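Content type mmCIF, C-alpha atoms, from the file query24.cif:
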data_model
loop_
_atom_site.label_atom_id
_atom_site.label_comp_id
_atom_site.auth_asym_id
_atom_site.auth_seq_id
_atom_site.Cartn_x
_atom_site.Cartn_y
_atom_site.Cartn_z
CA MET P 69 -82.43 -141.72 60.53
CA LYS P 70 -83.45 -143.19 63.89
CA CYS P 71 -87.03 -143.33 65.14
CA ARG P 72 -87.57 -140.73 67.86
CA ILE P 73 -89.63 -143.21 69.86
CA CYS P 74 -87.98 -146.63 69.40
CA ASN P 75 -84.52 -145.53 68.28
CA GLU P 76 -84.81 -148.08 65.46
CA GLU P 77 -83.41 -147.34 62.01
CA THR P 78 -86.22 -146.01 59.81
CA GLU P 79 -87.10 -146.88 56.21
CA SER P 80 -87.92 -144.61 53.28
CA PHE P 81 -91.71 -144.27 52.97
CA LEU P 82 -92.71 -141.19 50.96
CA ARG P 83 -91.19 -138.75 48.48
CA VAL P 84 -93.42 -136.20 46.77
CA SER P 85 -92.60 -132.95 44.99
CA THR P 86 -94.09 -129.85 46.58
CA SER P 87 -94.86 -128.60 43.08
CA ASP P 88 -97.64 -131.21 43.08
CA LEU P 89 -99.15 -129.88 46.32
CA ASP P 90 -101.44 -126.97 47.00
CA GLU P 91 -102.09 -125.52 50.46
CA PRO P 92 -102.03 -121.99 51.96
CA PHE P 93 -99.09 -122.83 54.22
CA LEU P 94 -96.88 -123.75 51.25
CA ASP P 95 -95.82 -120.33 49.94
CA GLU P 96 -93.18 -119.71 47.29
CA MET P 97 -90.36 -119.24 49.80
CA LEU P 98 -91.13 -122.54 51.49
CA ARG P 99 -91.35 -124.30 48.12
CA ARG P 100 -87.81 -123.11 47.32
CA GLU P 101 -86.52 -124.36 50.68
CA LEU P 102 -88.56 -127.55 50.49
CA PRO P 103 -88.62 -128.93 46.91
CA GLU P 104 -89.99 -132.27 48.09
CA LEU P 105 -91.48 -133.92 51.16
CA ARG P 106 -89.64 -136.98 52.44
CA LEU P 107 -90.91 -139.20 55.23
CA ARG P 108 -89.31 -142.23 56.84
CA ARG P 109 -91.18 -144.96 58.71
CA CYS P 110 -90.20 -146.91 61.80
CA PRO P 111 -90.68 -150.65 61.14
CA GLN P 112 -91.28 -151.27 64.83
CA CYS P 113 -93.81 -148.62 65.97
CA ALA P 114 -95.00 -147.38 62.52
CA CYS P 115 -94.41 -143.72 63.35
CA LEU P 116 -93.38 -141.46 60.46
CA TRP P 117 -90.73 -138.72 60.55
CA ALA P 118 -89.84 -135.96 58.12
CA ASN P 119 -86.34 -136.30 56.68
CA ASP P 120 -86.00 -133.14 54.61
CA ALA P 121 -85.60 -129.39 55.14
CA ARG P 122 -88.39 -129.54 57.73
CA LYS P 123 -85.93 -131.09 60.20
CA ASP P 124 -84.52 -127.60 60.65
CA ASN P 125 -86.72 -125.92 63.23
CA GLY P 126 -86.10 -122.52 61.62
CA THR P 127 -87.62 -123.56 58.29
CA LEU P 128 -91.12 -124.19 59.59
CA ALA P 129 -90.90 -121.54 62.33
CA ALA P 130 -90.33 -118.88 59.66
CA ALA P 131 -93.19 -120.30 57.59
CA TYR P 132 -95.56 -120.09 60.57
CA GLU P 133 -94.57 -116.44 61.03
CA ARG P 134 -95.46 -115.75 57.38
CA VAL P 135 -98.73 -117.64 57.33
CA SER P 136 -101.79 -115.59 56.44
CA ALA P 137 -105.25 -115.62 57.96
CA ALA P 138 -106.39 -117.76 55.00
CA TYR P 139 -104.56 -120.71 56.54
CA PHE P 140 -107.09 -120.75 59.38
CA ASP P 141 -110.19 -122.00 57.64
CA SER P 142 -112.11 -122.87 60.80
CA ALA P 143 -115.75 -123.66 60.20
CA GLU P 144 -117.02 -122.25 63.48
CA ASN P 145 -120.66 -122.90 62.65
CA ASP P 146 -120.08 -126.25 60.98
CA PRO P 147 -122.19 -128.74 62.98
CA ARG P 148 -119.52 -131.43 62.57
CA TYR P 149 -116.95 -129.27 64.40
CA ILE P 150 -119.42 -128.08 67.02
CA ARG P 151 -120.37 -131.69 67.77
CA PHE P 152 -116.72 -132.77 67.88
CA TYR P 153 -115.67 -129.97 70.25
CA LYS P 154 -118.60 -130.74 72.54
CA GLN P 155 -117.53 -134.39 72.67
CA LEU P 156 -114.00 -133.34 73.63
CA GLU P 157 -115.32 -131.05 76.34
CA GLN P 158 -117.42 -133.83 77.80
CA LEU P 159 -114.46 -136.18 77.62
CA VAL P 160 -112.21 -133.97 79.77
CA GLN P 161 -115.01 -132.99 82.14
CA ARG P 162 -115.28 -136.65 83.16
CA ARG P 163 -111.59 -136.72 84.02
CA VAL P 164 -110.80 -133.46 85.80
CA ASN P 165 -112.39 -131.31 88.49
CA GLY P 166 -110.71 -127.99 87.72
CA LYS P 167 -111.86 -125.54 85.09
CA THR P 168 -108.70 -123.96 83.68
CA ILE P 169 -107.70 -124.98 80.17
CA LEU P 170 -104.68 -124.04 78.08
CA ASP P 171 -105.05 -124.77 74.36
CA VAL P 172 -101.63 -125.11 72.72
CA GLY P 173 -101.43 -124.25 69.03
CA CYS P 174 -104.92 -122.83 69.34
CA GLY P 175 -104.97 -121.29 65.85
CA ASP P 176 -107.79 -118.78 65.58
CA GLY P 177 -109.28 -119.95 68.89
CA VAL P 178 -112.29 -121.78 67.48
CA PHE P 179 -112.01 -124.68 69.96
CA LEU P 180 -111.74 -122.37 72.98
CA SER P 181 -114.62 -120.23 71.76
CA ASN P 182 -116.85 -123.32 71.50
CA LEU P 183 -116.18 -124.38 75.10
CA SER P 184 -118.81 -123.49 77.68
CA ASP P 185 -118.31 -120.34 79.75
CA THR P 186 -117.62 -122.40 82.89
CA TRP P 187 -113.96 -122.64 81.77
CA SER P 188 -111.12 -120.20 82.32
CA LYS P 189 -109.65 -120.28 78.81
CA TYR P 190 -106.09 -119.54 77.68
CA GLY P 191 -104.32 -120.16 74.41
CA LEU P 192 -100.87 -120.22 72.84
CA GLU P 193 -100.40 -119.83 69.10
CA PRO P 194 -97.04 -119.44 67.30
CA SER P 195 -98.40 -117.51 64.31
CA ALA P 196 -99.24 -113.82 64.64
CA SER P 197 -102.17 -114.10 62.22
CA GLY P 198 -103.73 -116.96 64.20
CA SER P 199 -103.27 -115.32 67.58
CA ASN P 200 -104.71 -112.05 66.28
CA LEU P 201 -107.80 -113.84 65.00
CA ALA P 202 -108.18 -115.54 68.38
CA LYS P 203 -107.94 -112.21 70.19
CA GLN P 204 -110.76 -110.92 68.01
CA ARG P 205 -112.87 -113.57 69.72
CA ASN P 206 -112.00 -111.91 73.06
CA LEU P 207 -109.80 -114.84 74.07
CA ASP P 208 -106.69 -114.64 76.26
CA VAL P 209 -104.20 -115.87 73.64
CA THR P 210 -100.46 -115.25 73.49
CA CYS P 211 -98.37 -115.48 70.34
CA ALA P 212 -95.81 -118.04 71.55
CA THR P 213 -94.94 -121.71 71.68
CA LEU P 214 -95.38 -123.85 74.78
CA ASP P 215 -91.69 -124.05 75.68
CA GLY P 216 -91.07 -120.45 74.59
CA SER P 217 -93.81 -118.91 76.72
CA ALA P 218 -92.54 -116.52 79.38
CA ARG P 219 -95.79 -116.99 81.28
CA GLN P 220 -96.31 -120.04 83.46
CA TYR P 221 -99.86 -121.35 83.38
CA GLU P 222 -101.43 -123.50 86.05
CA ALA P 223 -103.83 -125.44 83.90
CA ASP P 224 -106.07 -128.32 84.85
CA VAL P 225 -106.21 -129.30 81.18
CA ILE P 226 -103.71 -128.74 78.39
CA SER P 227 -105.17 -129.45 74.97
CA ALA P 228 -103.24 -129.80 71.72
CA LEU P 229 -105.55 -130.53 68.81
CA ASP P 230 -103.95 -131.18 65.43
CA VAL P 231 -100.66 -129.93 66.90
CA ILE P 232 -98.17 -132.61 67.94
CA GLU P 233 -97.73 -133.69 64.29
CA HIS P 234 -96.24 -130.23 63.65
CA VAL P 235 -93.55 -130.62 66.34
CA ILE P 236 -89.95 -131.51 65.46
CA ASP P 237 -88.99 -132.66 68.96
CA PRO P 238 -92.01 -134.41 70.51
CA HIS P 239 -90.04 -135.29 73.65
CA GLN P 240 -89.35 -131.64 74.40
CA PHE P 241 -92.95 -130.77 73.60
CA VAL P 242 -94.44 -133.35 75.99
CA GLU P 243 -91.92 -132.56 78.73
CA SER P 244 -92.89 -128.89 78.54
CA PHE P 245 -96.47 -129.78 79.54
CA LYS P 246 -95.26 -130.35 83.09
CA ARG P 247 -94.32 -126.73 83.64
CA HIS P 248 -97.87 -125.57 82.97
CA LEU P 249 -99.97 -128.37 84.51
CA GLN P 250 -101.61 -128.38 87.92
CA ARG P 251 -101.11 -131.43 90.08
CA ASN P 252 -103.34 -134.24 88.73
CA GLY P 253 -103.87 -132.20 85.56
CA ILE P 254 -104.46 -133.91 82.25
CA VAL P 255 -103.43 -133.46 78.64
CA LEU P 256 -105.78 -133.91 75.70
CA LEU P 257 -104.15 -134.76 72.36
CA PHE P 258 -105.81 -135.18 68.99
CA THR P 259 -103.71 -136.24 66.00
CA GLY P 260 -103.51 -138.65 63.09
CA ASP P 261 -103.00 -142.38 63.60
CA ALA P 262 -100.42 -143.84 61.22
CA ASP P 263 -101.35 -147.38 62.23
CA SER P 264 -105.09 -147.08 61.67
CA HIS P 265 -106.49 -149.48 59.08
CA PRO P 266 -107.38 -146.74 56.54
CA ALA P 267 -103.90 -145.20 56.86
CA ARG P 268 -102.19 -148.57 56.42
CA ILE P 269 -104.25 -149.36 53.32
CA ALA P 270 -103.54 -145.90 51.86
CA GLY P 271 -99.80 -146.14 52.55
CA PRO P 272 -97.89 -143.22 50.99
CA GLN P 273 -101.16 -141.98 49.42
CA TRP P 274 -102.73 -141.16 52.81
CA SER P 275 -103.77 -137.52 52.42
CA TYR P 276 -102.59 -136.73 55.96
CA LEU P 277 -99.02 -136.98 54.65
CA ARG P 278 -99.40 -134.31 51.96
CA TRP P 279 -99.58 -131.42 54.44
CA CYS P 280 -96.07 -130.04 54.74
CA GLY P 281 -96.54 -129.07 58.41
CA HIS P 282 -97.03 -132.73 59.35
CA ILE P 283 -93.53 -133.79 60.32
CA SER P 284 -94.04 -136.18 63.29
CA ILE P 285 -96.82 -138.64 62.60
CA PHE P 286 -97.67 -141.10 65.33
CA SER P 287 -99.12 -144.56 65.55
CA SER P 288 -101.23 -145.29 68.61
CA SER P 289 -98.43 -147.33 70.20
CA GLY P 290 -95.85 -144.65 69.42
CA LEU P 291 -97.91 -141.90 71.03
CA ARG P 292 -98.53 -144.04 74.10
CA LYS P 293 -94.82 -144.76 74.46
CA LEU P 294 -93.97 -141.08 74.13
CA LEU P 295 -96.37 -140.00 76.87
CA GLN P 296 -95.41 -142.86 79.18
CA ALA P 297 -91.71 -142.07 78.76
CA HIS P 298 -92.41 -138.64 80.28
CA GLY P 299 -94.37 -139.89 83.27
CA PHE P 300 -97.91 -139.68 81.89
CA GLU P 301 -100.53 -142.36 82.42
CA ILE P 302 -102.92 -143.02 79.55
CA ILE P 303 -106.43 -142.85 81.00
CA GLU P 304 -108.41 -142.84 77.76
CA TRP P 305 -107.62 -143.55 74.11
CA THR P 306 -110.08 -143.49 71.22
CA ARG P 307 -109.73 -143.93 67.48
CA CYS P 308 -111.91 -141.35 65.83
CA GLU P 309 -112.69 -139.35 62.73
CA HIS P 310 -111.48 -135.87 61.94
CA PRO P 311 -114.48 -133.51 61.74
CA SER P 312 -113.40 -132.52 58.21
CA SER P 313 -113.54 -136.13 56.99
CA PRO P 314 -115.74 -136.67 53.90
CA GLY P 315 -116.61 -140.11 55.30
CA ALA P 316 -116.52 -143.78 54.36
CA ILE P 317 -118.07 -143.47 50.90
CA ALA P 318 -115.39 -141.00 49.72
CA TRP P 319 -112.61 -143.25 51.10
CA TRP P 320 -114.03 -146.40 49.48
CA ARG P 321 -114.55 -144.58 46.17
CA VAL P 322 -110.82 -143.90 46.00
CA HIS P 323 -109.97 -147.43 47.12
CA VAL P 324 -112.21 -149.12 44.54
CA LEU P 325 -111.28 -146.88 41.60
CA GLU P 326 -107.54 -146.60 42.28
CA PRO P 327 -106.53 -149.82 40.40
CA ALA P 328 -108.36 -148.58 37.32
CA ARG P 329 -106.71 -145.14 37.54
CA ARG P 330 -103.28 -146.74 37.69
CA ALA P 331 -104.08 -149.09 34.80
CA LEU P 332 -104.96 -146.02 32.74
CA GLY P 333 -101.67 -144.36 33.67
CA ARG P 334 -103.27 -141.56 35.68
CA ASN P 335 -101.78 -139.96 38.77
CA LYS P 336 -102.33 -141.75 42.04
CA SER P 337 -105.16 -140.49 44.20
CA TRP P 338 -104.83 -139.31 47.78
CA TYR P 339 -107.00 -141.29 50.18
CA PRO P 340 -109.18 -138.86 52.20
CA PHE P 341 -109.46 -138.83 55.98
CA TRP P 342 -111.65 -141.57 57.44
CA ARG P 343 -111.34 -143.16 60.88
CA ASP P 344 -107.62 -142.36 60.88
CA HIS P 345 -107.23 -140.08 63.93
CA GLN P 346 -106.78 -140.68 67.63
CA THR P 347 -107.74 -138.86 70.81
CA VAL P 348 -105.65 -139.42 73.93
CA VAL P 349 -106.22 -138.26 77.49
CA ALA P 350 -103.25 -138.70 79.83
CA ARG P 351 -102.58 -137.73 83.44
CA LEU P 352 -99.22 -136.87 84.92
CA LYS P 353 -98.36 -139.51 87.52
#

Write the structure described by the file as structure tokens, please.
Amino acid sequence: MKCRICNEETESFLRVSTSDLDEPFLDEMLRRELPELRLRRCPQCACLWANDARKDNGTLAAAYERVSAAYFDSAENDPRYIRFYKQLEQLVQRRVNGKTILDVGCGDGVFLSNLSDTWSKYGLEPSASGSNLAKQRNLDVTCATLDGSARQYEADVISALDVIEHVIDPHQFVESFKRHLQRNGIVLLFTGDADSHPARIAGPQWSYLRWCGHISIFSSSGLRKLLQAHGFEIIEWTRCEHPSSPGAIAWWRVHVLEPARRALGRNKSWYPFWRDHQTVVARLK
């Protein structure tokens, strides 16, 4: 399998049985279609790519259609999320004058609902359950994907938070931004960083890899190359923490105790999130 960024031959990196995993997205039908997760790593850019049944766009598309409201466990009143969303809002406000935002893969709309009322807010969400929850927040959300939307938006900002890792063809995804962006508009991406120090130490035990929807996992250099290949200029990049992260102590606890667990013959532990995400702001040239 070739890397979708560098076109280099990839190397086997992870194989894990889905019978060992537990998440709302992984229903019985998907378990039958996807008995194990397999990821391959690019030795040049360190991006990771799914090399299993998830390569078929229909497999995950059908799973997203079946997903229940339980999948969207947004903690709307969690101060960590409120603080994080406010930081993102301030970040884009420094970079754009307009006030129209399109949130792609908006889930239940919790990010849009936390934005100030100065914005004209729109959302796209491929799952019916997610889009219905967002509409209950009185948000203008359509059940569709970015490239499948019949409506053309004229957004000053397109945000995609925890989304691009779910996309089979990242080139098509990024190219489709152009149809919906105003001139001098920006995109805001938030995703994992496969080349962060915690992720590199964790290796195949990085917990970000255990989520079956994560099929295109980027390093910082890989994400930059992708955006630049489609005519975007990187104007801000930050390594950051996911708001759900349990923090440094939880990460170090796993790291310190893991050798002892292995010596005792116990199952390997998954390293939790900690300083292993990235935020990118890019402007179309």

Using all atoms listed in the file, find the one residue out of P:Asp124, P:Glu309, P:Glu157, P:Glu79 that sits nearest to Arg343 of chain P.
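Smallest distance to Arg343 of chain P is found for P:Glu309.
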
List the neighbours of segment 232-237 of chain P out to 9 Å using all atoms listed in the file; skip same-chain residues closer than 2 positions along the sequence, and give me the result as a list in words.
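Answer for this query is Arg72, Trp117, Ala118, Arg122, Lys123, Asp124, Asn125, Leu128, Ala228, Leu229, Asp230, His239, Gln240, Phe241, Val242, Leu257, Phe258, Thr259, Gly260, Cys280, Gly281, His282, Ile283, Ser284, Ile285 and Phe286 of chain P.
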
For C-alpha atoms, I'd like the residues from the last selection saved as an mmCIF file, keeping the file's coordinate frame.
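Writing done, so here's out_21.cif:
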data_model
loop_
_atom_site.group_PDB
_atom_site.id
_atom_site.type_symbol
_atom_site.label_atom_id
_atom_site.label_comp_id
_atom_site.auth_asym_id
_atom_site.auth_seq_id
_atom_site.Cartn_x
_atom_site.Cartn_y
_atom_site.Cartn_z
ATOM 1 C CA ARG P 72 -87.570 -140.730 67.860
ATOM 2 C CA TRP P 117 -90.730 -138.720 60.550
ATOM 3 C CA ALA P 118 -89.840 -135.960 58.120
ATOM 4 C CA ARG P 122 -88.390 -129.540 57.730
ATOM 5 C CA LYS P 123 -85.930 -131.090 60.200
ATOM 6 C CA ASP P 124 -84.520 -127.600 60.650
ATOM 7 C CA ASN P 125 -86.720 -125.920 63.230
ATOM 8 C CA LEU P 128 -91.120 -124.190 59.590
ATOM 9 C CA ALA P 228 -103.240 -129.800 71.720
ATOM 10 C CA LEU P 229 -105.550 -130.530 68.810
ATOM 11 C CA ASP P 230 -103.950 -131.180 65.430
ATOM 12 C CA HIS P 239 -90.040 -135.290 73.650
ATOM 13 C CA GLN P 240 -89.350 -131.640 74.400
ATOM 14 C CA PHE P 241 -92.950 -130.770 73.600
ATOM 15 C CA VAL P 242 -94.440 -133.350 75.990
ATOM 16 C CA LEU P 257 -104.150 -134.760 72.360
ATOM 17 C CA PHE P 258 -105.810 -135.180 68.990
ATOM 18 C CA THR P 259 -103.710 -136.240 66.000
ATOM 19 C CA GLY P 260 -103.510 -138.650 63.090
ATOM 20 C CA CYS P 280 -96.070 -130.040 54.740
ATOM 21 C CA GLY P 281 -96.540 -129.070 58.410
ATOM 22 C CA HIS P 282 -97.030 -132.730 59.350
ATOM 23 C CA ILE P 283 -93.530 -133.790 60.320
ATOM 24 C CA SER P 284 -94.040 -136.180 63.290
ATOM 25 C CA ILE P 285 -96.820 -138.640 62.600
ATOM 26 C CA PHE P 286 -97.670 -141.100 65.330
#

Have a look at P:His298, P:Arg106, P:Arg100, P:Arg163 and name the one nearest to Asn119 of chain P; count only C-alpha atoms.
P:Arg106

Have a look at P:Gln250, P:Thr168, P:Ser288, P:Asn335 and name the one nearest to Ser188 of chain P; count all atoms listed in the file.
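Checking each of P:Gln250, P:Thr168, P:Ser288, P:Asn335 against Ser188 of chain P, counting all atoms listed in the file, the winner is P:Thr168.
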
From the list P:Leu183, P:Val172, P:Leu295, P:Val164, the nearest residue to Ile254 of chain P using only C-alpha atoms is P:Val164

Name the residues captured by the PyMOL selection byres ((chain P and resi 87) around 10) when it is applied to the shown file; answer as a ChimeraX atom specification.
/P:84-86,88-90,94,96,99-100,102-104

Near Ser337 of chain P, counting only C-alpha atoms, which residues have an atom at most 7 Å away, once you skip same-chain residues fewer than 4 positions from it, shown as a ChimeraX atom specification?
/P:273,322,326

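This file, filtered with the PyMOL selection byres ((chain P and resi 292) around 10), gives the residues Ile73, Phe286, Ser287, Ser288, Ser289, Gly290, Leu291, Lys293, Leu294, Leu295, Gln296, Ala297, Phe300, Glu301, Ile302, Trp305, Val348 and Ala350 of chain P.
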
At the level of N, CA, C and O atoms, write segment 239-262 of chain P to a file as a compact mmCIF listing (two decimals), in the first residue's frame, please.
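Saved result, decode_3.txt, follows:
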# COMPACT_ATOMS: atom_id res chain seq x y z
N HIS P 239 -7.39 13.81 -0.08
CA HIS P 239 -7.21 14.77 -1.18
C HIS P 239 -8.57 15.28 -1.67
O HIS P 239 -8.75 16.50 -1.87
N GLN P 240 -9.50 14.40 -1.86
CA GLN P 240 -10.84 14.81 -2.29
C GLN P 240 -11.50 15.69 -1.23
O GLN P 240 -12.16 16.68 -1.55
N PHE P 241 -11.30 15.33 0.02
CA PHE P 241 -11.89 16.09 1.12
C PHE P 241 -11.37 17.53 1.14
O PHE P 241 -12.15 18.49 1.20
N VAL P 242 -10.06 17.70 1.07
CA VAL P 242 -9.47 19.05 1.12
C VAL P 242 -9.83 19.83 -0.14
O VAL P 242 -10.13 21.03 -0.07
N GLU P 243 -9.84 19.18 -1.29
CA GLU P 243 -10.19 19.88 -2.52
C GLU P 243 -11.63 20.40 -2.46
O GLU P 243 -11.93 21.47 -3.00
N SER P 244 -12.50 19.65 -1.80
CA SER P 244 -13.90 20.06 -1.74
C SER P 244 -14.12 21.30 -0.87
O SER P 244 -15.17 21.94 -0.96
N PHE P 245 -13.13 21.67 -0.05
CA PHE P 245 -13.24 22.92 0.71
C PHE P 245 -13.44 24.11 -0.23
O PHE P 245 -14.17 25.06 0.09
N LYS P 246 -12.75 24.06 -1.36
CA LYS P 246 -12.70 25.23 -2.25
C LYS P 246 -14.07 25.65 -2.74
O LYS P 246 -14.34 26.83 -2.96
N ARG P 247 -14.94 24.68 -2.93
CA ARG P 247 -16.28 24.97 -3.45
C ARG P 247 -17.11 25.79 -2.48
O ARG P 247 -18.02 26.52 -2.87
N HIS P 248 -16.78 25.70 -1.19
CA HIS P 248 -17.62 26.31 -0.17
C HIS P 248 -16.95 27.49 0.54
O HIS P 248 -17.54 28.06 1.46
N LEU P 249 -15.73 27.85 0.15
CA LEU P 249 -14.99 28.91 0.82
C LEU P 249 -15.11 30.24 0.07
O LEU P 249 -15.02 30.29 -1.16
N GLN P 250 -15.27 31.31 0.83
CA GLN P 250 -15.17 32.65 0.28
C GLN P 250 -13.71 32.93 -0.09
O GLN P 250 -12.79 32.26 0.41
N ARG P 251 -13.51 33.91 -0.93
CA ARG P 251 -12.15 34.33 -1.23
C ARG P 251 -11.45 34.78 0.06
O ARG P 251 -12.05 35.48 0.88
N ASN P 252 -10.23 34.34 0.25
CA ASN P 252 -9.43 34.61 1.46
C ASN P 252 -10.01 33.90 2.70
O ASN P 252 -9.64 34.23 3.83
N GLY P 253 -10.89 32.93 2.48
CA GLY P 253 -11.42 32.15 3.60
C GLY P 253 -10.36 31.21 4.15
O GLY P 253 -9.32 30.94 3.52
N ILE P 254 -10.62 30.70 5.34
CA ILE P 254 -9.65 29.82 5.98
C ILE P 254 -10.32 28.50 6.38
O ILE P 254 -11.54 28.42 6.51
N VAL P 255 -9.48 27.50 6.57
CA VAL P 255 -9.94 26.22 7.12
C VAL P 255 -9.28 26.01 8.47
O VAL P 255 -8.11 26.39 8.67
N LEU P 256 -10.02 25.42 9.38
CA LEU P 256 -9.55 25.10 10.72
C LEU P 256 -9.67 23.60 10.90
O LEU P 256 -10.77 23.05 10.86
N LEU P 257 -8.53 22.92 11.07
CA LEU P 257 -8.52 21.48 11.25
C LEU P 257 -7.96 21.13 12.62
O LEU P 257 -6.99 21.75 13.08
N PHE P 258 -8.58 20.14 13.24
CA PHE P 258 -8.10 19.62 14.51
C PHE P 258 -8.11 18.10 14.40
O PHE P 258 -9.14 17.50 14.07
N THR P 259 -6.95 17.47 14.64
CA THR P 259 -6.84 16.02 14.46
C THR P 259 -5.65 15.52 15.26
O THR P 259 -4.88 16.30 15.84
N GLY P 260 -5.48 14.22 15.31
CA GLY P 260 -4.34 13.63 15.99
C GLY P 260 -3.04 13.93 15.26
O GLY P 260 -3.02 14.31 14.09
N ASP P 261 -1.94 13.75 15.97
CA ASP P 261 -0.61 13.98 15.40
C ASP P 261 0.23 12.72 15.61
O ASP P 261 0.74 12.46 16.71
N ALA P 262 0.37 11.94 14.54
CA ALA P 262 1.06 10.65 14.63
C ALA P 262 2.54 10.80 14.93
O ALA P 262 3.18 9.82 15.35
